[in-house]
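Visitor: One structure follows; several queries about it will come next.
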Amino acid sequence: MTAITCSGLVKEYKTQKLVRALDDVTFDVAEGEVFGLLGPNGAGKTTLVKIFATLLRPTQGSAEVGGYDIAKEQDMVRRVIGYAGQDSERSAYFRLTVRENLMYFAHALRDVPVKVAKDRIENIVSAIGFEDRLDKHFIALSGGEKQLVIVIRAIVHEPKVCFLDEPSKSLDPLTAKRVRSFLKSYASEKGMTICLTTHNMKEAEEICDRIAFINRGRLQFIGTPEEFKRVVTVKEVVEIANFVLDGAIEARLLAIPGVSNVTKSNGNIRIYCDDAFDVLRSVFDFLGEIGIKAHVNMIEPTLEDAFAVFVGSDSAEGE
Amino acid sequence: MASALKLFYMAVWRNFLIMTRYKANFLFEILTSVLVGGFMLLFSAAFDTSMLGQMVGSTNYVAFMIFGISFQSWQGTALWSAADTFRGELSSGQIDYTFSSPFSRYWYIVSNIAANAVQSTIFFIPMFCVGLWFTSDTLSVTGISLGLIATMLSVAALSQFGAIFAALVLQYRQVTAIFGFFNLAFQFLTGMFIPFQLLPMPLQVLGWCLPITFGMDMLRYYVMRTKSLMPVEYEWLALFVQLLAMSIIAKFVVAWLERNAKEQGLHYI
């Protein structure tokens, strides 16, 4: 059974000029699935999640969440969803404790009985290792801890479908890992569907059963993280270690026949191409020409590389 | 779905916890209320009350003003507290969570206003008691009860304006000036501080359309034994009609403004 389904979704914002944030997006998410929405900044991920959460009205198209139409059965949709928005780490009452905040949101706004809410809060925080913060004022928490409270708020009423917009944005790597593993097991235990947006490829790889890649409002890929990588494994990556990329060098590298994209990654340059052997000679020639000796590797593409290839190829198309 | 009653009592619980945790602010709000009452005692000596006597049937200017000021604490809450809540939620991002939750937006707003009115009662009571002390000659339990009921009814009707202001925040983000305009207009068009009978007729007509006029007039009528603006039964009727009409309008406007706001998104960003 599908938890989320959308067909031909279009969203246009009328500002000074008409901006099409979503362009004919169609896909389904199965019940119990952890589904990731990937894409660069401004791709339309947040807009899509807000439409599902009944916070925005689509310009065209239709969608259902938990079997309910987002336009005609908004109230029913709201009953079955949880939501944690982007940049919402300030979105609780500063002078209430974590426990009081969660109790207020669960009982007042989500109708969870007091006793049930108390137990759930205890269980969730102990699973994440957050017990020692439970009676601290929200204002006294770090940015990452506040974000964690917002994520807990989104699941404490055990929604059927939970939308998390960049849930691990301000979490430290260890906490992020702990939260990911908790969300994955919680979703599986409760049969909850999670739809999350992220830039974090590691997160997508670790937690998502399937991902959708959105760029410029268009859905460009949908499938498992492995399939996503496989789409670009026909492409190969040549890495030049410890090398500074400027505009001129980038232009020269992109001019090499067979090179589809050039990116920076941790002080290294990555060159995406169809056949690394074809490209290597030209790269060495170029390095020799500018008098640089650098370490050059052929590497296995990661999900991040796939991301870069998708964004790069779309920019090229747009030009 | 969360009920209006639950939204109300949980908002009261939340507000009281927060209020008592800003201790200095809490203390000074009470002190301010006491201070204004004290100043009114001093103020009373400086007034010629004969004109007031002719106009409203009581020369007790101090009580007249004190009841106006005590009413004002609820008036501000009714008109502005929900809009203020929404502005806070918009800037913190909480609005997205609120509006993705399953409850009536109208009842969420009204429950929050009611919860804030409960909080304002703490500041209303000292001022109101000073007013009662000045009206000991005309005081009766029935008078106080009916006066308070009329006040609450008019605050409830006024809350409907507050609900509209709150929903306007969703559309226009910043409505301080709109609120300032109406707040001032409401204070002077309704006899809160100036006898209603002193207003020129066109302004009186506007005043008849506002629930505060009847709430204020009946509070003074029952507690101070002033002359009422019209037979008091008509004032009760007018107040009920205004409450009903404004509730329907507010419910419609809130739904309409939410729908419009969702074209562009609720969040500031």
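Chain labels run A, B, ... following the order of the structure tokens; each chain numbers its residues from 1, and ligands are numbered from 1 in the order shown.
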Compile the contact shell of Leu189 (chain B) as a ChimeraX atom specification: residues with an atom at most 7 Å away, counting only C-alpha atoms, same-chain residues fewer than 4 positions apart removed.
Guide: /B:185,203-204,207
Visitor: Need the shell around Gly129 (chain A): protein/DNA/RNA residues with any atom at most 10 Å away, counting only C-alpha atoms. Skip same-chain ones fewer than 5 positions apart. Format as a PyMOL selection string?
Guide: chain A and resi 123-124+175+178-179
Visitor: Atoms to include: N, CA and C atoms. Write the selected residues as a PDB file, in the first residue's frame.
Guide:
```pdb
ATOM      1  N   ASN A 123      10.583   6.876  26.672  1.00  0.00           N
ATOM      2  CA  ASN A 123      11.139   5.803  25.844  1.00  0.00           C
ATOM      3  C   ASN A 123      12.015   6.353  24.725  1.00  0.00           C
ATOM      4  N   ILE A 124      11.505   7.390  24.064  1.00  0.00           N
ATOM      5  CA  ILE A 124      12.267   7.922  22.916  1.00  0.00           C
ATOM      6  C   ILE A 124      13.582   8.537  23.387  1.00  0.00           C
ATOM      7  N   THR A 175      25.925  12.217  17.123  1.00  0.00           N
ATOM      8  CA  THR A 175      24.487  12.299  17.429  1.00  0.00           C
ATOM      9  C   THR A 175      23.681  11.997  16.174  1.00  0.00           C
ATOM     10  N   ARG A 178      23.476   8.385  15.686  1.00  0.00           N
ATOM     11  CA  ARG A 178      22.587   7.773  16.678  1.00  0.00           C
ATOM     12  C   ARG A 178      21.115   8.012  16.300  1.00  0.00           C
ATOM     13  N   VAL A 179      20.840   9.256  15.869  1.00  0.00           N
ATOM     14  CA  VAL A 179      19.458   9.594  15.516  1.00  0.00           C
ATOM     15  C   VAL A 179      19.020   8.818  14.278  1.00  0.00           C
TER      16      VAL A 179
END
```
Visitor: Would you pick out the contacts of Asp246 (chain A) at 12 Å or less, using only C-alpha atoms, so that residues sharing its chain but fewer than 2 positions from it are not included, and give the list as a list in words?
Guide: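 So the residues in contact are Phe243, Val244, Ala248, Ile249, Glu250, Ala251, Arg252, Leu253, Val262, Thr263, Lys264 and Ile269 of chain A.
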Visitor: Using only C-alpha atoms, select each residue of chain B with any atom at most 7 Å away from an atom of chain A, and give the selection as a list in words.
Guide: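 The answer, sorted by residue number, is Met1, Ala2, Lys6, Leu7, Met10, Ile18, Arg21, Ser92, Gly93, Gln94, Asp96, Tyr97, Phe99, Ser100, Ser101, Pro102, Lys262, Glu263, Gln264 and Gly265 of chain B.
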Visitor: If DSSP is run on the backbone, what residues of region 31-139 of chain B are alpha helix (DSSP H)? A reply as number ranges by chain would be ideal.
Guide: B: 31-43, 50-56, 61-92, 94-99, 105-134
Visitor: Would you output that residue set with C-alpha atoms, as a PDB file, in the first residue's frame?
Guide:
```pdb
ATOM      1  CA  LEU B  31       3.722  46.358  40.244  1.00  0.00           C
ATOM      2  CA  THR B  32       2.653  48.412  37.211  1.00  0.00           C
ATOM      3  CA  SER B  33      -0.948  47.452  37.751  1.00  0.00           C
ATOM      4  CA  VAL B  34      -0.732  48.480  41.430  1.00  0.00           C
ATOM      5  CA  LEU B  35       1.111  51.675  40.486  1.00  0.00           C
ATOM      6  CA  VAL B  36      -1.565  52.797  38.029  1.00  0.00           C
ATOM      7  CA  GLY B  37      -4.209  52.141  40.686  1.00  0.00           C
ATOM      8  CA  GLY B  38      -2.210  54.253  43.157  1.00  0.00           C
ATOM      9  CA  PHE B  39      -1.831  57.115  40.712  1.00  0.00           C
ATOM     10  CA  MET B  40      -5.547  57.080  40.050  1.00  0.00           C
ATOM     11  CA  LEU B  41      -6.100  57.643  43.772  1.00  0.00           C
ATOM     12  CA  LEU B  42      -3.985  60.786  43.594  1.00  0.00           C
ATOM     13  CA  PHE B  43      -5.580  61.802  40.319  1.00  0.00           C
ATOM     14  CA  SER B  50     -20.044  67.904  37.725  1.00  0.00           C
ATOM     15  CA  MET B  51     -19.855  67.507  33.937  1.00  0.00           C
ATOM     16  CA  LEU B  52     -19.436  63.754  34.243  1.00  0.00           C
ATOM     17  CA  GLY B  53     -22.462  63.685  36.538  1.00  0.00           C
ATOM     18  CA  GLN B  54     -24.650  65.335  33.912  1.00  0.00           C
ATOM     19  CA  MET B  55     -23.388  63.034  31.180  1.00  0.00           C
ATOM     20  CA  VAL B  56     -23.368  59.606  32.745  1.00  0.00           C
ATOM     21  CA  TYR B  61     -14.632  60.004  37.725  1.00  0.00           C
ATOM     22  CA  VAL B  62     -11.979  57.897  39.402  1.00  0.00           C
ATOM     23  CA  ALA B  63     -14.071  54.745  39.230  1.00  0.00           C
ATOM     24  CA  PHE B  64     -15.090  55.666  35.667  1.00  0.00           C
ATOM     25  CA  MET B  65     -11.431  55.777  34.621  1.00  0.00           C
ATOM     26  CA  ILE B  66     -10.311  52.797  36.671  1.00  0.00           C
ATOM     27  CA  PHE B  67     -12.910  50.530  35.092  1.00  0.00           C
ATOM     28  CA  GLY B  68     -11.774  51.801  31.689  1.00  0.00           C
ATOM     29  CA  ILE B  69      -8.152  50.973  32.498  1.00  0.00           C
ATOM     30  CA  SER B  70      -8.943  47.560  33.953  1.00  0.00           C
ATOM     31  CA  PHE B  71     -11.007  46.740  30.868  1.00  0.00           C
ATOM     32  CA  GLN B  72      -8.079  47.844  28.736  1.00  0.00           C
ATOM     33  CA  SER B  73      -5.895  44.975  30.025  1.00  0.00           C
ATOM     34  CA  TRP B  74      -8.398  42.494  28.579  1.00  0.00           C
ATOM     35  CA  GLN B  75      -8.976  44.569  25.481  1.00  0.00           C
ATOM     36  CA  GLY B  76      -5.265  44.425  24.589  1.00  0.00           C
ATOM     37  CA  THR B  77      -5.232  40.682  25.174  1.00  0.00           C
ATOM     38  CA  ALA B  78      -8.365  40.073  23.124  1.00  0.00           C
ATOM     39  CA  LEU B  79      -7.174  42.117  20.194  1.00  0.00           C
ATOM     40  CA  TRP B  80      -3.499  41.418  20.102  1.00  0.00           C
ATOM     41  CA  SER B  81      -2.368  38.300  21.956  1.00  0.00           C
ATOM     42  CA  ALA B  82      -3.148  35.801  19.183  1.00  0.00           C
ATOM     43  CA  ALA B  83      -1.506  37.969  16.541  1.00  0.00           C
ATOM     44  CA  ASP B  84       1.511  38.205  18.819  1.00  0.00           C
ATOM     45  CA  THR B  85       1.542  34.418  19.224  1.00  0.00           C
ATOM     46  CA  PHE B  86       1.462  33.968  15.446  1.00  0.00           C
ATOM     47  CA  ARG B  87       4.227  36.527  14.902  1.00  0.00           C
ATOM     48  CA  GLY B  88       6.377  34.615  17.378  1.00  0.00           C
ATOM     49  CA  GLU B  89       5.559  31.317  15.677  1.00  0.00           C
ATOM     50  CA  LEU B  90       6.303  32.767  12.255  1.00  0.00           C
ATOM     51  CA  SER B  91       9.721  34.020  13.231  1.00  0.00           C
ATOM     52  CA  SER B  92      10.697  30.846  15.113  1.00  0.00           C
ATOM     53  CA  GLN B  94       6.830  26.932  14.866  1.00  0.00           C
ATOM     54  CA  ILE B  95       3.988  28.042  12.622  1.00  0.00           C
ATOM     55  CA  ASP B  96       4.726  25.160  10.250  1.00  0.00           C
ATOM     56  CA  TYR B  97       4.332  22.631  13.046  1.00  0.00           C
ATOM     57  CA  THR B  98       1.188  24.333  14.315  1.00  0.00           C
ATOM     58  CA  PHE B  99      -0.420  24.388  10.896  1.00  0.00           C
ATOM     59  CA  ARG B 105      -7.315  27.114  13.372  1.00  0.00           C
ATOM     60  CA  TYR B 106     -10.154  29.315  14.556  1.00  0.00           C
ATOM     61  CA  TRP B 107     -10.406  27.456  17.872  1.00  0.00           C
ATOM     62  CA  TYR B 108      -6.639  27.432  18.269  1.00  0.00           C
ATOM     63  CA  ILE B 109      -6.635  31.222  18.017  1.00  0.00           C
ATOM     64  CA  VAL B 110      -9.647  31.720  20.264  1.00  0.00           C
ATOM     65  CA  SER B 111      -8.308  29.244  22.866  1.00  0.00           C
ATOM     66  CA  ASN B 112      -5.009  31.072  22.952  1.00  0.00           C
ATOM     67  CA  ILE B 113      -6.772  34.407  23.396  1.00  0.00           C
ATOM     68  CA  ALA B 114      -8.839  32.925  26.228  1.00  0.00           C
ATOM     69  CA  ALA B 115      -5.701  31.518  27.858  1.00  0.00           C
ATOM     70  CA  ASN B 116      -4.007  34.885  27.611  1.00  0.00           C
ATOM     71  CA  ALA B 117      -7.123  36.540  29.033  1.00  0.00           C
ATOM     72  CA  VAL B 118      -6.845  34.261  32.059  1.00  0.00           C
ATOM     73  CA  GLN B 119      -3.280  35.476  32.440  1.00  0.00           C
ATOM     74  CA  SER B 120      -4.403  39.102  32.065  1.00  0.00           C
ATOM     75  CA  THR B 121      -6.901  38.547  34.859  1.00  0.00           C
ATOM     76  CA  ILE B 122      -4.008  38.665  37.293  1.00  0.00           C
ATOM     77  CA  PHE B 123      -3.410  42.242  36.210  1.00  0.00           C
ATOM     78  CA  PHE B 124      -7.112  43.041  35.846  1.00  0.00           C
ATOM     79  CA  ILE B 125      -8.019  42.044  39.391  1.00  0.00           C
ATOM     80  CA  PRO B 126      -5.990  44.629  41.411  1.00  0.00           C
ATOM     81  CA  MET B 127      -7.206  47.467  39.202  1.00  0.00           C
ATOM     82  CA  PHE B 128     -10.778  46.236  39.258  1.00  0.00           C
ATOM     83  CA  CYS B 129     -10.684  45.952  43.061  1.00  0.00           C
ATOM     84  CA  VAL B 130      -9.515  49.562  43.340  1.00  0.00           C
ATOM     85  CA  GLY B 131     -12.485  50.506  41.129  1.00  0.00           C
ATOM     86  CA  LEU B 132     -14.844  48.553  43.393  1.00  0.00           C
ATOM     87  CA  TRP B 133     -13.431  50.267  46.456  1.00  0.00           C
ATOM     88  CA  PHE B 134     -14.365  53.612  44.906  1.00  0.00           C
TER      89      PHE B 134
END
```
Visitor: Write out as JSON lines a residue-level contact list of region 21-52 of chain A versus region 205-208 of chain A with cut-off 10 Å: for each qualifying residue the closest pair of atoms and the distance in Å to one decimal, counting only C-alpha atoms, rows sorted by chain and residue number upward.
Guide:
```
{"residue": "A:Glu33", "atom": "CA", "partner": "A:Cys208", "partner_atom": "CA", "distance": 7.8}
{"residue": "A:Val34", "atom": "CA", "partner": "A:Cys208", "partner_atom": "CA", "distance": 4.9}
{"residue": "A:Phe35", "atom": "CA", "partner": "A:Cys208", "partner_atom": "CA", "distance": 5.3}
{"residue": "A:Gly36", "atom": "CA", "partner": "A:Cys208", "partner_atom": "CA", "distance": 5.7}
{"residue": "A:Leu37", "atom": "CA", "partner": "A:Cys208", "partner_atom": "CA", "distance": 9.4}
```
Visitor: So which residues touch region 140-147 of chain A within 7 Å, counting only C-alpha atoms, skipping near sequence neighbours fewer than 6 positions away, as an MDAnalysis selection string?
Guide: chainID A and resid 89 170:172
Visitor: I want to know what sits within 10 Å of Gly191 (chain A), based on only C-alpha atoms, with residues of the same chain fewer than 6 positions away left out; could you give that as a ChimeraX atom specification?
Guide: /A:31-33,158-161,185
Visitor: Let's have the selection written as a PDB file, in the first residue's frame, with C-alpha atoms.
Guide:
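Output saved as selection-v9.pdb:
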```
ATOM      1  CA  GLU A  31       4.112   2.188   3.573  1.00  0.00           C
ATOM      2  CA  GLY A  32       6.941   1.713   6.061  1.00  0.00           C
ATOM      3  CA  GLU A  33       9.526   2.973   3.618  1.00  0.00           C
ATOM      4  CA  GLU A 158       3.442   8.012  16.339  1.00  0.00           C
ATOM      5  CA  PRO A 159       2.330   9.350  12.975  1.00  0.00           C
ATOM      6  CA  LYS A 160       1.802   7.018  10.049  1.00  0.00           C
ATOM      7  CA  VAL A 161       3.890   9.256   7.822  1.00  0.00           C
ATOM      8  CA  SER A 185      14.541   1.149  13.845  1.00  0.00           C
TER       9      SER A 185
END
```
Visitor: Select from region 247-300 of chain A everything DSSP, run on the backbone, classes as strand (DSSP E or B), then give the selection as a PyMOL selection string.
Guide: chain A and resi 259-265+268-273+296-299
Visitor: Output as a Markdown table one row per residue of region 192-255 of chain B within 12 Å of region 155-179 of chain B: the closest atom pair and its distance in Å to one decimal place, counting only C-alpha atoms, sorted by chain and residue number ascending.
Guide:
```
| residue | atom | partner | partner_atom | distance |
| --- | --- | --- | --- | --- |
| B:Cys209 | CA | B:Leu158 | CA | 11.2 |
| B:Leu210 | CA | B:Leu158 | CA | 8.0 |
| B:Pro211 | CA | B:Ala157 | CA | 6.3 |
| B:Ile212 | CA | B:Leu158 | CA | 7.2 |
| B:Thr213 | CA | B:Leu158 | CA | 10.7 |
| B:Phe214 | CA | B:Val155 | CA | 10.6 |
| B:Gly215 | CA | B:Val155 | CA | 7.8 |
| B:Met216 | CA | B:Val155 | CA | 10.0 |
| B:Ala238 | CA | B:Ala157 | CA | 10.9 |
| B:Leu239 | CA | B:Ala157 | CA | 7.7 |
| B:Phe240 | CA | B:Ala157 | CA | 8.3 |
| B:Val241 | CA | B:Ala157 | CA | 9.3 |
| B:Gln242 | CA | B:Ala157 | CA | 6.5 |
| B:Leu243 | CA | B:Ala157 | CA | 4.3 |
| B:Leu244 | CA | B:Ala157 | CA | 7.8 |
| B:Ala245 | CA | B:Ala157 | CA | 8.8 |
| B:Met246 | CA | B:Gln160 | CA | 5.8 |
| B:Ser247 | CA | B:Gln160 | CA | 5.7 |
| B:Ile248 | CA | B:Gln160 | CA | 8.8 |
| B:Ile249 | CA | B:Gln160 | CA | 8.1 |
| B:Ala250 | CA | B:Gln160 | CA | 5.5 |
| B:Lys251 | CA | B:Ala163 | CA | 8.1 |
| B:Phe252 | CA | B:Ile164 | CA | 9.3 |
| B:Val253 | CA | B:Ile164 | CA | 6.4 |
| B:Val254 | CA | B:Ala167 | CA | 5.3 |
| B:Ala255 | CA | B:Ala167 | CA | 8.4 |
```
Visitor: Can you pull out every residue within 12 Å of Thr5 (chain A), counting only C-alpha atoms, but drop anything in the same chain fewer than 5 positions away, and send it as a short mmCIF file (atom, residue, chain, number, x, y, z; two decimals) with C-alpha atoms, in the first residue's frame?
Guide:
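What follows is the written file selection.cif:
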```cif
data_model
loop_
_atom_site.label_atom_id
_atom_site.label_comp_id
_atom_site.auth_asym_id
_atom_site.auth_seq_id
_atom_site.Cartn_x
_atom_site.Cartn_y
_atom_site.Cartn_z
CA VAL A 25 6.58 15.68 -10.03
CA THR A 26 5.11 12.19 -9.86
CA PHE A 27 6.09 9.31 -7.56
CA ASP A 28 4.83 6.90 -4.88
CA VAL A 29 6.26 5.97 -1.50
CA ALA A 30 5.33 2.61 0.00
CA GLU A 31 4.11 2.19 3.57
CA LEU A 48 7.38 19.32 -1.94
CA ILE A 51 2.77 20.48 0.08
CA PHE A 52 2.54 16.98 1.58
CA GLY A 61 -1.52 18.15 -9.72
CA SER A 62 -2.69 15.97 -6.87
CA ALA A 63 -1.24 14.12 -3.91
CA GLU A 64 -2.36 11.75 -1.20
CA VAL A 65 -0.74 11.14 2.17
CA GLY A 66 -1.83 8.17 4.26
CA GLY A 67 -4.60 7.60 1.73
CA TYR A 68 -6.03 11.12 2.14
CA ASP A 69 -6.17 13.83 -0.50
CA ILE A 70 -4.00 16.81 0.55
CA VAL A 161 3.89 9.26 7.82
CA CYS A 195 10.08 11.08 4.06
#
```
